$ cat structure.pdb   # PDB, N, CA and C atoms
ATOM      1  N   MET A 212       3.665  -2.718 -22.825
ATOM      2  CA  MET A 212       4.173  -1.710 -21.912
ATOM      3  C   MET A 212       2.970  -1.147 -21.139
ATOM      4  N   THR A 213       3.077  -1.141 -19.827
ATOM      5  CA  THR A 213       1.977  -0.635 -19.008
ATOM      6  C   THR A 213       1.942   0.887 -19.041
ATOM      7  N   SER A 214       0.832   1.436 -18.567
ATOM      8  CA  SER A 214       0.724   2.899 -18.557
ATOM      9  C   SER A 214       1.762   3.509 -17.620
ATOM     10  N   THR A 215       2.065   2.826 -16.534
ATOM     11  CA  THR A 215       3.101   3.317 -15.605
ATOM     12  C   THR A 215       4.450   3.353 -16.297
ATOM     13  N   GLN A 216       4.768   2.288 -17.037
ATOM     14  CA  GLN A 216       6.038   2.253 -17.762
ATOM     15  C   GLN A 216       6.105   3.357 -18.808
ATOM     16  N   LYS A 217       4.975   3.596 -19.490
ATOM     17  CA  LYS A 217       4.942   4.661 -20.496
ATOM     18  C   LYS A 217       5.167   6.018 -19.852
ATOM     19  N   ARG A 218       4.479   6.258 -18.704
ATOM     20  CA  ARG A 218       4.648   7.540 -18.012
ATOM     21  C   ARG A 218       6.091   7.726 -17.558
ATOM     22  N   PHE A 219       6.701   6.655 -17.025
ATOM     23  CA  PHE A 219       8.072   6.758 -16.557
ATOM     24  C   PHE A 219       9.022   7.009 -17.714
ATOM     25  N   LYS A 220       8.775   6.334 -18.861
ATOM     26  CA  LYS A 220       9.630   6.531 -20.033
ATOM     27  C   LYS A 220       9.537   7.979 -20.515
ATOM     28  N   ILE A 221       8.334   8.518 -20.552
ATOM     29  CA  ILE A 221       8.142   9.918 -20.966
ATOM     30  C   ILE A 221       8.827  10.845 -19.978
ATOM     31  N   LEU A 222       8.637  10.580 -18.679
ATOM     32  CA  LEU A 222       9.246  11.392 -17.641
ATOM     33  C   LEU A 222      10.761  11.336 -17.734
ATOM     34  N   LYS A 223      11.299  10.117 -17.914
ATOM     35  CA  LYS A 223      12.739   9.943 -18.024
ATOM     36  C   LYS A 223      13.285  10.719 -19.221
ATOM     37  N   GLY A 224      12.588  10.634 -20.375
ATOM     38  CA  GLY A 224      13.019  11.360 -21.574
ATOM     39  C   GLY A 224      12.957  12.855 -21.378
ATOM     40  N   THR A 225      11.913  13.329 -20.701
ATOM     41  CA  THR A 225      11.750  14.758 -20.446
ATOM     42  C   THR A 225      12.867  15.272 -19.545
ATOM     43  N   ILE A 226      13.140  14.533 -18.479
ATOM     44  CA  ILE A 226      14.196  14.944 -17.555
ATOM     45  C   ILE A 226      15.541  14.951 -18.263
ATOM     46  N   ARG A 227      15.800  13.925 -19.068
ATOM     47  CA  ARG A 227      17.070  13.844 -19.797
ATOM     48  C   ARG A 227      17.218  15.037 -20.731
ATOM     49  N   LYS A 228      16.145  15.415 -21.449
ATOM     50  CA  LYS A 228      16.193  16.561 -22.356
ATOM     51  C   LYS A 228      16.464  17.851 -21.591
ATOM     52  N   GLU A 229      15.809  17.996 -20.422
ATOM     53  CA  GLU A 229      16.023  19.198 -19.611
ATOM     54  C   GLU A 229      17.469  19.287 -19.131
ATOM     55  N   ILE A 230      18.032  18.163 -18.719
ATOM     56  CA  ILE A 230      19.425  18.155 -18.261
ATOM     57  C   ILE A 230      20.349  18.563 -19.398
ATOM     58  N   ILE A 231      20.133  17.979 -20.580
ATOM     59  CA  ILE A 231      20.984  18.305 -21.734
ATOM     60  C   ILE A 231      20.849  19.775 -22.094
ATOM     61  N   MET A 232      19.610  20.295 -22.092
ATOM     62  CA  MET A 232      19.407  21.703 -22.404
ATOM     63  C   MET A 232      20.116  22.585 -21.383
ATOM     64  N   ASN A 233      19.995  22.234 -20.113
ATOM     65  CA  ASN A 233      20.660  23.020 -19.075
ATOM     66  C   ASN A 233      22.170  22.956 -19.219
ATOM     67  N   LEU A 234      22.701  21.792 -19.553
ATOM     68  CA  LEU A 234      24.148  21.655 -19.705
ATOM     69  C   LEU A 234      24.644  22.461 -20.901
ATOM     70  N   ASN A 235      23.862  22.481 -21.976
ATOM     71  CA  ASN A 235      24.265  23.233 -23.165
ATOM     72  C   ASN A 235      24.240  24.741 -22.921
ATOM     73  N   LYS A 236      23.382  25.200 -22.031
ATOM     74  CA  LYS A 236      23.268  26.623 -21.746
ATOM     75  C   LYS A 236      24.413  27.123 -20.875
ATOM     76  N   GLU A 237      24.943  26.244 -20.054
ATOM     77  CA  GLU A 237      25.962  26.674 -19.098
ATOM     78  C   GLU A 237      27.314  26.850 -19.772
ATOM     79  N   ASP A 238      28.066  27.770 -19.220
ATOM     80  CA  ASP A 238      29.441  27.948 -19.690
ATOM     81  C   ASP A 238      30.278  26.775 -19.225
ATOM     82  N   GLN A 239      31.350  26.529 -19.948
ATOM     83  CA  GLN A 239      32.266  25.463 -19.564
ATOM     84  C   GLN A 239      33.199  25.918 -18.440
ATOM     85  N   ILE A 240      33.045  27.170 -17.997
ATOM     86  CA  ILE A 240      33.949  27.742 -17.008
ATOM     87  C   ILE A 240      33.338  27.666 -15.609
ATOM     88  N   LEU A 241      32.552  26.651 -15.335
ATOM     89  CA  LEU A 241      31.970  26.498 -14.001
ATOM     90  C   LEU A 241      33.010  25.910 -13.054
ATOM     91  N   THR A 242      32.905  26.293 -11.818
ATOM     92  CA  THR A 242      33.803  25.731 -10.809
ATOM     93  C   THR A 242      33.297  24.350 -10.409
ATOM     94  N   THR A 243      34.131  23.604  -9.731
ATOM     95  CA  THR A 243      33.733  22.295  -9.232
ATOM     96  C   THR A 243      32.522  22.424  -8.316
ATOM     97  N   GLU A 244      32.507  23.447  -7.492
ATOM     98  CA  GLU A 244      31.393  23.659  -6.573
ATOM     99  C   GLU A 244      30.089  23.908  -7.339
ATOM    100  N   GLU A 245      30.177  24.668  -8.438
ATOM    101  CA  GLU A 245      28.991  24.924  -9.250
ATOM    102  C   GLU A 245      28.493  23.652  -9.938
ATOM    103  N   HIS A 246      29.440  22.865 -10.462
ATOM    104  CA  HIS A 246      29.064  21.586 -11.075
ATOM    105  C   HIS A 246      28.428  20.678 -10.022
ATOM    106  N   LEU A 247      28.993  20.650  -8.833
ATOM    107  CA  LEU A 247      28.463  19.836  -7.747
ATOM    108  C   LEU A 247      27.050  20.279  -7.386
ATOM    109  N   SER A 248      26.854  21.574  -7.285
ATOM    110  CA  SER A 248      25.543  22.124  -6.960
ATOM    111  C   SER A 248      24.525  21.752  -8.037
ATOM    112  N   ASN A 249      24.912  21.903  -9.304
ATOM    113  CA  ASN A 249      24.022  21.551 -10.413
ATOM    114  C   ASN A 249      23.687  20.062 -10.403
ATOM    115  N   PHE A 250      24.691  19.244 -10.144
ATOM    116  CA  PHE A 250      24.479  17.799 -10.094
ATOM    117  C   PHE A 250      23.474  17.433  -9.009
ATOM    118  N   VAL A 251      23.647  17.994  -7.823
ATOM    119  CA  VAL A 251      22.756  17.686  -6.707
ATOM    120  C   VAL A 251      21.326  18.143  -7.012
ATOM    121  N   LYS A 252      21.180  19.310  -7.622
ATOM    122  CA  LYS A 252      19.846  19.802  -7.991
ATOM    123  C   LYS A 252      19.168  18.845  -8.971
ATOM    124  N   GLU A 253      19.886  18.441 -10.005
ATOM    125  CA  GLU A 253      19.325  17.533 -11.007
ATOM    126  C   GLU A 253      19.028  16.169 -10.390
ATOM    127  N   PHE A 254      19.937  15.675  -9.570
ATOM    128  CA  PHE A 254      19.762  14.383  -8.916
ATOM    129  C   PHE A 254      18.524  14.410  -8.019
ATOM    130  N   SER A 255      18.369  15.488  -7.285
ATOM    131  CA  SER A 255      17.220  15.649  -6.400
ATOM    132  C   SER A 255      15.914  15.678  -7.192
ATOM    133  N   ALA A 256      15.912  16.362  -8.316
ATOM    134  CA  ALA A 256      14.714  16.430  -9.155
ATOM    135  C   ALA A 256      14.332  15.041  -9.664
ATOM    136  N   ILE A 257      15.316  14.270 -10.057
ATOM    137  CA  ILE A 257      15.061  12.906 -10.534
ATOM    138  C   ILE A 257      14.532  12.038  -9.400
ATOM    139  N   GLU A 258      15.164  12.139  -8.226
ATOM    140  CA  GLU A 258      14.698  11.378  -7.057
ATOM    141  C   GLU A 258      13.247  11.723  -6.726
ATOM    142  N   ASP A 259      12.916  12.996  -6.749
ATOM    143  CA  ASP A 259      11.547  13.428  -6.454
ATOM    144  C   ASP A 259      10.567  12.871  -7.497
ATOM    145  N   ALA A 260      10.973  12.877  -8.759
ATOM    146  CA  ALA A 260      10.108  12.379  -9.820
ATOM    147  C   ALA A 260       9.887  10.871  -9.708
ATOM    148  N   MET A 261      10.854  10.169  -9.158
ATOM    149  CA  MET A 261      10.759   8.715  -9.036
ATOM    150  C   MET A 261       9.923   8.276  -7.837
ATOM    151  N   GLU A 262       9.727   9.125  -6.868
ATOM    152  CA  GLU A 262       9.054   8.735  -5.626
ATOM    153  C   GLU A 262       7.678   8.098  -5.834
ATOM    154  N   PRO A 263       6.804   8.651  -6.690
ATOM    155  CA  PRO A 263       5.504   7.993  -6.885
ATOM    156  C   PRO A 263       5.632   6.553  -7.392
ATOM    157  N   PHE A 264       6.640   6.307  -8.217
ATOM    158  CA  PHE A 264       6.848   4.956  -8.737
ATOM    159  C   PHE A 264       7.353   4.026  -7.638
ATOM    160  N   LYS A 265       8.182   4.546  -6.747
ATOM    161  CA  LYS A 265       8.649   3.748  -5.617
ATOM    162  C   LYS A 265       7.484   3.378  -4.711
ATOM    163  N   GLU A 266       6.569   4.332  -4.516
ATOM    164  CA  GLU A 266       5.387   4.061  -3.699
ATOM    165  C   GLU A 266       4.529   2.988  -4.352
ATOM    166  N   GLN A 267       4.381   3.026  -5.670
ATOM    167  CA  GLN A 267       3.616   2.006  -6.388
ATOM    168  C   GLN A 267       4.252   0.637  -6.204
ATOM    169  N   ARG A 268       5.579   0.588  -6.256
ATOM    170  CA  ARG A 268       6.293  -0.674  -6.089
ATOM    171  C   ARG A 268       6.079  -1.220  -4.680
ATOM    172  N   ARG A 269       6.138  -0.335  -3.675
ATOM    173  CA  ARG A 269       5.883  -0.766  -2.295
ATOM    174  C   ARG A 269       4.454  -1.284  -2.145
ATOM    175  N   ASP A 270       3.506  -0.580  -2.752
ATOM    176  CA  ASP A 270       2.106  -1.008  -2.690
ATOM    177  C   ASP A 270       1.907  -2.368  -3.353
ATOM    178  N   LEU A 271       2.587  -2.596  -4.476
ATOM    179  CA  LEU A 271       2.490  -3.869  -5.174
ATOM    180  C   LEU A 271       2.988  -5.006  -4.281
ATOM    181  N   ARG A 272       4.153  -4.807  -3.678
ATOM    182  CA  ARG A 272       4.710  -5.838  -2.791
ATOM    183  C   ARG A 272       3.781  -6.101  -1.610
ATOM    184  N   GLU A 273       3.267  -5.033  -1.028
ATOM    185  CA  GLU A 273       2.380  -5.162   0.121
ATOM    186  C   GLU A 273       1.114  -5.927  -0.260
ATOM    187  N   SER A 274       0.578  -5.634  -1.427
ATOM    188  CA  SER A 274      -0.631  -6.294  -1.904
ATOM    189  C   SER A 274      -0.400  -7.799  -2.070
ATOM    190  N   TYR A 275       0.699  -8.171  -2.698
ATOM    191  CA  TYR A 275       1.002  -9.586  -2.911
ATOM    192  C   TYR A 275       1.249 -10.299  -1.585
ATOM    193  N   SER A 276       1.871  -9.608  -0.648
ATOM    194  CA  SER A 276       2.117 -10.186   0.667
ATOM    195  C   SER A 276       0.812 -10.333   1.448
ATOM    196  N   ASP A 277       0.015  -9.265   1.489
ATOM    197  CA  ASP A 277      -1.242  -9.276   2.243
ATOM    198  C   ASP A 277      -2.211 -10.333   1.721
ATOM    199  N   ASN A 278      -2.228 -10.539   0.408
ATOM    200  CA  ASN A 278      -3.130 -11.526  -0.184
ATOM    201  C   ASN A 278      -2.580 -12.954  -0.102
ATOM    202  N   GLY A 279      -1.344 -13.076   0.380
ATOM    203  CA  GLY A 279      -0.751 -14.403   0.520
ATOM    204  C   GLY A 279      -0.333 -15.039  -0.795
ATOM    205  N   TRP A 280      -0.230 -14.224  -1.846
ATOM    206  CA  TRP A 280       0.141 -14.756  -3.151
ATOM    207  C   TRP A 280       1.617 -15.111  -3.214
ATOM    208  N   LEU A 281       2.473 -14.282  -2.621
ATOM    209  CA  LEU A 281       3.917 -14.534  -2.575
ATOM    210  C   LEU A 281       4.442 -14.073  -1.224
ATOM    211  N   SER A 282       5.459 -14.785  -0.737
ATOM    212  CA  SER A 282       6.110 -14.345   0.498
ATOM    213  C   SER A 282       7.106 -13.239   0.149
ATOM    214  N   LYS A 283       7.567 -12.543   1.156
ATOM    215  CA  LYS A 283       8.557 -11.479   0.912
ATOM    216  C   LYS A 283       9.825 -12.063   0.308
ATOM    217  N   GLU A 284      10.228 -13.249   0.762
ATOM    218  CA  GLU A 284      11.422 -13.905   0.225
ATOM    219  C   GLU A 284      11.215 -14.274  -1.251
ATOM    220  N   GLU A 285      10.030 -14.772  -1.598
ATOM    221  CA  GLU A 285       9.750 -15.114  -2.993
ATOM    222  C   GLU A 285       9.804 -13.866  -3.879
ATOM    223  N   MET A 286       9.282 -12.763  -3.387
ATOM    224  CA  MET A 286       9.330 -11.520  -4.164
ATOM    225  C   MET A 286      10.767 -11.038  -4.327
ATOM    226  N   ARG A 287      11.565 -11.097  -3.253
ATOM    227  CA  ARG A 287      12.967 -10.672  -3.340
ATOM    228  C   ARG A 287      13.714 -11.509  -4.371
ATOM    229  N   LEU A 288      13.498 -12.837  -4.317
ATOM    230  CA  LEU A 288      14.183 -13.713  -5.271
ATOM    231  C   LEU A 288      13.704 -13.474  -6.696
ATOM    232  N   ALA A 289      12.418 -13.221  -6.857
ATOM    233  CA  ALA A 289      11.884 -12.937  -8.194
ATOM    234  C   ALA A 289      12.508 -11.671  -8.771
ATOM    235  N   VAL A 290      12.653 -10.638  -7.941
ATOM    236  CA  VAL A 290      13.255  -9.383  -8.404
ATOM    237  C   VAL A 290      14.726  -9.602  -8.749
ATOM    238  N   LYS A 291      15.449 -10.356  -7.917
ATOM    239  CA  LYS A 291      16.855 -10.649  -8.219
ATOM    240  C   LYS A 291      16.974 -11.395  -9.540
ATOM    241  N   ALA A 292      16.128 -12.415  -9.721
ATOM    242  CA  ALA A 292      16.164 -13.197 -10.965
ATOM    243  C   ALA A 292      15.812 -12.316 -12.159
ATOM    244  N   TYR A 293      14.803 -11.470 -11.999
ATOM    245  CA  TYR A 293      14.400 -10.553 -13.076
ATOM    246  C   TYR A 293      15.563  -9.649 -13.487
ATOM    247  N   ARG A 294      16.247  -9.103 -12.502
ATOM    248  CA  ARG A 294      17.367  -8.203 -12.812
ATOM    249  C   ARG A 294      18.520  -8.938 -13.477
ATOM    250  N   LEU A 295      18.755 -10.179 -13.072
ATOM    251  CA  LEU A 295      19.804 -10.977 -13.713
ATOM    252  C   LEU A 295      19.444 -11.262 -15.171
ATOM    253  N   VAL A 296      18.198 -11.631 -15.417
ATOM    254  CA  VAL A 296      17.748 -11.902 -16.791
ATOM    255  C   VAL A 296      17.810 -10.627 -17.615
ATOM    256  N   LYS A 297      17.321  -9.541 -17.046
ATOM    257  CA  LYS A 297      17.296  -8.258 -17.758
ATOM    258  C   LYS A 297      18.698  -7.797 -18.153
ATOM    259  N   SER A 298      19.672  -8.039 -17.272
ATOM    260  CA  SER A 298      21.045  -7.596 -17.555
ATOM    261  C   SER A 298      21.834  -8.638 -18.344
ATOM    262  N   ASP A 299      21.152  -9.726 -18.740
ATOM    263  CA  ASP A 299      21.779 -10.783 -19.531
ATOM    264  C   ASP A 299      23.031 -11.309 -18.830
ATOM    265  N   THR A 300      22.906 -11.592 -17.546
ATOM    266  CA  THR A 300      24.016 -12.080 -16.733
ATOM    267  C   THR A 300      24.415 -13.486 -17.165
ATOM    268  N   ASP A 301      25.705 -13.708 -17.269
ATOM    269  CA  ASP A 301      26.240 -15.031 -17.567
ATOM    270  C   ASP A 301      26.153 -15.855 -16.289
ATOM    271  N   MET A 302      25.201 -16.769 -16.229
ATOM    272  CA  MET A 302      24.947 -17.528 -15.000
ATOM    273  C   MET A 302      26.130 -18.412 -14.616
ATOM    274  N   GLU A 303      26.839 -18.933 -15.591
ATOM    275  CA  GLU A 303      27.996 -19.767 -15.291
ATOM    276  C   GLU A 303      29.075 -18.947 -14.587
ATOM    277  N   GLN A 304      29.329 -17.762 -15.111
ATOM    278  CA  GLN A 304      30.331 -16.882 -14.502
ATOM    279  C   GLN A 304      29.852 -16.413 -13.127
ATOM    280  N   LEU A 305      28.568 -16.092 -13.007
ATOM    281  CA  LEU A 305      28.022 -15.659 -11.725
ATOM    282  C   LEU A 305      28.157 -16.774 -10.683
ATOM    283  N   THR A 306      27.847 -17.989 -11.069
ATOM    284  CA  THR A 306      27.961 -19.128 -10.145
ATOM    285  C   THR A 306      29.404 -19.314  -9.703
ATOM    286  N   GLU A 307      30.317 -19.165 -10.632
ATOM    287  CA  GLU A 307      31.741 -19.300 -10.310
ATOM    288  C   GLU A 307      32.162 -18.246  -9.277
ATOM    289  N   TYR A 308      31.779 -16.997  -9.496
ATOM    290  CA  TYR A 308      32.124 -15.932  -8.561
ATOM    291  C   TYR A 308      31.403 -16.117  -7.231
ATOM    292  N   PHE A 309      30.163 -16.563  -7.297
ATOM    293  CA  PHE A 309      29.391 -16.807  -6.078
ATOM    294  C   PHE A 309      30.096 -17.850  -5.211
ATOM    295  N   ASN A 310      30.533 -18.942  -5.828
ATOM    296  CA  ASN A 310      31.217 -20.000  -5.079
ATOM    297  C   ASN A 310      32.542 -19.521  -4.489
ATOM    298  N   LYS A 311      33.276 -18.701  -5.243
ATOM    299  CA  LYS A 311      34.528 -18.132  -4.719
ATOM    300  C   LYS A 311      34.243 -17.236  -3.515
ATOM    301  N   LEU A 312      33.244 -16.383  -3.660
ATOM    302  CA  LEU A 312      32.894 -15.469  -2.586
ATOM    303  C   LEU A 312      32.407 -16.230  -1.357
ATOM    304  N   LYS A 313      31.628 -17.258  -1.581
ATOM    305  CA  LYS A 313      31.103 -18.074  -0.486
ATOM    306  C   LYS A 313      32.248 -18.664   0.337
ATOM    307  N   LYS A 314      33.287 -19.179  -0.344
ATOM    308  CA  LYS A 314      34.455 -19.731   0.342
ATOM    309  C   LYS A 314      35.185 -18.636   1.125
ATOM    310  N   THR A 315      35.337 -17.476   0.515
ATOM    311  CA  THR A 315      36.027 -16.358   1.161
ATOM    312  C   THR A 315      35.281 -15.910   2.394
ATOM    313  N   VAL A 316      33.968 -15.778   2.287
ATOM    314  CA  VAL A 316      33.153 -15.311   3.421
ATOM    315  C   VAL A 316      33.237 -16.333   4.556
ATOM    316  N   ARG A 317      33.184 -17.621   4.234
ATOM    317  CA  ARG A 317      33.315 -18.649   5.263
ATOM    318  C   ARG A 317      34.654 -18.559   5.974
ATOM    319  N   MET A 318      35.727 -18.336   5.193
ATOM    320  CA  MET A 318      37.058 -18.236   5.791
ATOM    321  C   MET A 318      37.135 -17.032   6.719
ATOM    322  N   VAL A 319      36.580 -15.925   6.305
ATOM    323  CA  VAL A 319      36.637 -14.696   7.096
ATOM    324  C   VAL A 319      35.779 -14.828   8.345
ATOM    325  N   SER A 320      34.617 -15.451   8.231
ATOM    326  CA  SER A 320      33.719 -15.549   9.372
ATOM    327  C   SER A 320      34.184 -16.571  10.399
ATOM    328  N   HIS A 321      35.062 -17.506  10.007
ATOM    329  CA  HIS A 321      35.560 -18.497  10.952
ATOM    330  C   HIS A 321      36.834 -18.052  11.657
ATOM    331  N   VAL A 322      37.341 -16.895  11.305
ATOM    332  CA  VAL A 322      38.591 -16.400  11.908
ATOM    333  C   VAL A 322      38.314 -15.765  13.232
TER     334      VAL A 322
END
$ encode --input "structure.pdb" --output "structure tokens"
Amino acid sequence: MTSTQKRFKILKGTIRKEIIMNLNKEDQILTTEEHLSNFVKEFSAIEDAMEPFKEQRRDLRESYSDNGWLSKEEMRLAVKAYRLVKSDTDMEQLTEYFNKLKKTVRMVSHV
């Protein structure tokens, strides 16, 4: 686990604990508007906390592109493949759905 991953894991755990603590403190008699407001505040805090990591990811891609190590298309495909492996995607089922969708898109685009 890299130091960035460790920092993000700690940050994620800290934010999750703060959300749970805040939820436990609040009365159950909040209005929808209050719940919405609380949700947006928490969501915004998480988005703000993630921004440095997004910048690191952009810098990583830029570095690999600038050095000619990987093309942008190769990086996109690598990330897609990584996410499929990480989510333990059933490739046979994915291929089946992909082929169905491909036929549908062709039919729609030729109309």
$ atom_distance --input "structure.pdb" --atom1 "atom CA of A:Lys252" --atom2 "atom CA of A:Gln267"
24.1 Å
$ select_by_dssp --input "structure.pdb" --residues "stretch 230-301 of chain A" --states "alpha helix (DSSP H)" --output "number ranges by chain"
A: 230-236, 243-277, 283-297
$ atom_distance --input "structure.pdb" --atom1 "atom CA of A:Leu241" --atom2 "atom CA of A:Ser255"
19.8 Å
$ axis_aligned_box --input "structure.pdb" --around "stretch 244-260 of chain A" --padding-each-side "3 Å" --output "AutoDock Vina command-line options"
--center_x 21.2 --center_y 17.9 --center_z -8.7 --size_x 28.6 --size_y 20.1 --size_z 10.7
$ atom_distance --input "structure.pdb" --atom1 "atom CA of A:Lys265" --atom2 "atom CA of A:Leu288"
18.3 Å
$ decode --input "structure.pdb" --residues "stretch 281-295 of chain A" --atoms "N, CA and C atoms" --output "PDB file, in the first residue's frame"
ATOM      1  N   LEU A 281       3.047   5.739 -22.156  1.00  0.00           N
ATOM      2  CA  LEU A 281       1.732   5.217 -22.544  1.00  0.00           C
ATOM      3  C   LEU A 281       0.959   6.328 -23.237  1.00  0.00           C
ATOM      4  N   SER A 282       0.133   5.929 -24.204  1.00  0.00           N
ATOM      5  CA  SER A 282      -0.742   6.911 -24.846  1.00  0.00           C
ATOM      6  C   SER A 282      -1.962   7.126 -23.950  1.00  0.00           C
ATOM      7  N   LYS A 283      -2.702   8.168 -24.227  1.00  0.00           N
ATOM      8  CA  LYS A 283      -3.916   8.431 -23.435  1.00  0.00           C
ATOM      9  C   LYS A 283      -4.901   7.280 -23.576  1.00  0.00           C
ATOM     10  N   GLU A 284      -5.006   6.710 -24.776  1.00  0.00           N
ATOM     11  CA  GLU A 284      -5.908   5.580 -25.006  1.00  0.00           C
ATOM     12  C   GLU A 284      -5.451   4.355 -24.200  1.00  0.00           C
ATOM     13  N   GLU A 285      -4.144   4.102 -24.157  1.00  0.00           N
ATOM     14  CA  GLU A 285      -3.634   2.971 -23.380  1.00  0.00           C
ATOM     15  C   GLU A 285      -3.936   3.156 -21.892  1.00  0.00           C
ATOM     16  N   MET A 286      -3.795   4.368 -21.400  1.00  0.00           N
ATOM     17  CA  MET A 286      -4.101   4.628 -19.989  1.00  0.00           C
ATOM     18  C   MET A 286      -5.590   4.444 -19.716  1.00  0.00           C
ATOM     19  N   ARG A 287      -6.451   4.946 -20.612  1.00  0.00           N
ATOM     20  CA  ARG A 287      -7.897   4.786 -20.427  1.00  0.00           C
ATOM     21  C   ARG A 287      -8.269   3.310 -20.381  1.00  0.00           C
ATOM     22  N   LEU A 288      -7.702   2.531 -21.322  1.00  0.00           N
ATOM     23  CA  LEU A 288      -8.013   1.100 -21.350  1.00  0.00           C
ATOM     24  C   LEU A 288      -7.469   0.384 -20.120  1.00  0.00           C
ATOM     25  N   ALA A 289      -6.294   0.784 -19.670  1.00  0.00           N
ATOM     26  CA  ALA A 289      -5.720   0.175 -18.464  1.00  0.00           C
ATOM     27  C   ALA A 289      -6.605   0.435 -17.251  1.00  0.00           C
ATOM     28  N   VAL A 290      -7.118   1.660 -17.129  1.00  0.00           N
ATOM     29  CA  VAL A 290      -7.990   1.999 -16.000  1.00  0.00           C
ATOM     30  C   VAL A 290      -9.297   1.216 -16.093  1.00  0.00           C
ATOM     31  N   LYS A 291      -9.868   1.110 -17.296  1.00  0.00           N
ATOM     32  CA  LYS A 291     -11.098   0.326 -17.463  1.00  0.00           C
ATOM     33  C   LYS A 291     -10.864  -1.125 -17.071  1.00  0.00           C
ATOM     34  N   ALA A 292      -9.755  -1.697 -17.553  1.00  0.00           N
ATOM     35  CA  ALA A 292      -9.441  -3.096 -17.230  1.00  0.00           C
ATOM     36  C   ALA A 292      -9.221  -3.260 -15.730  1.00  0.00           C
ATOM     37  N   TYR A 293      -8.508  -2.319 -15.125  1.00  0.00           N
ATOM     38  CA  TYR A 293      -8.262  -2.364 -13.675  1.00  0.00           C
ATOM     39  C   TYR A 293      -9.579  -2.371 -12.898  1.00  0.00           C
ATOM     40  N   ARG A 294     -10.489  -1.503 -13.294  1.00  0.00           N
ATOM     41  CA  ARG A 294     -11.774  -1.429 -12.585  1.00  0.00           C
ATOM     42  C   ARG A 294     -12.602  -2.690 -12.775  1.00  0.00           C
ATOM     43  N   LEU A 295     -12.526  -3.287 -13.957  1.00  0.00           N
ATOM     44  CA  LEU A 295     -13.239  -4.545 -14.196  1.00  0.00           C
ATOM     45  C   LEU A 295     -12.660  -5.660 -13.325  1.00  0.00           C
TER      46      LEU A 295
END
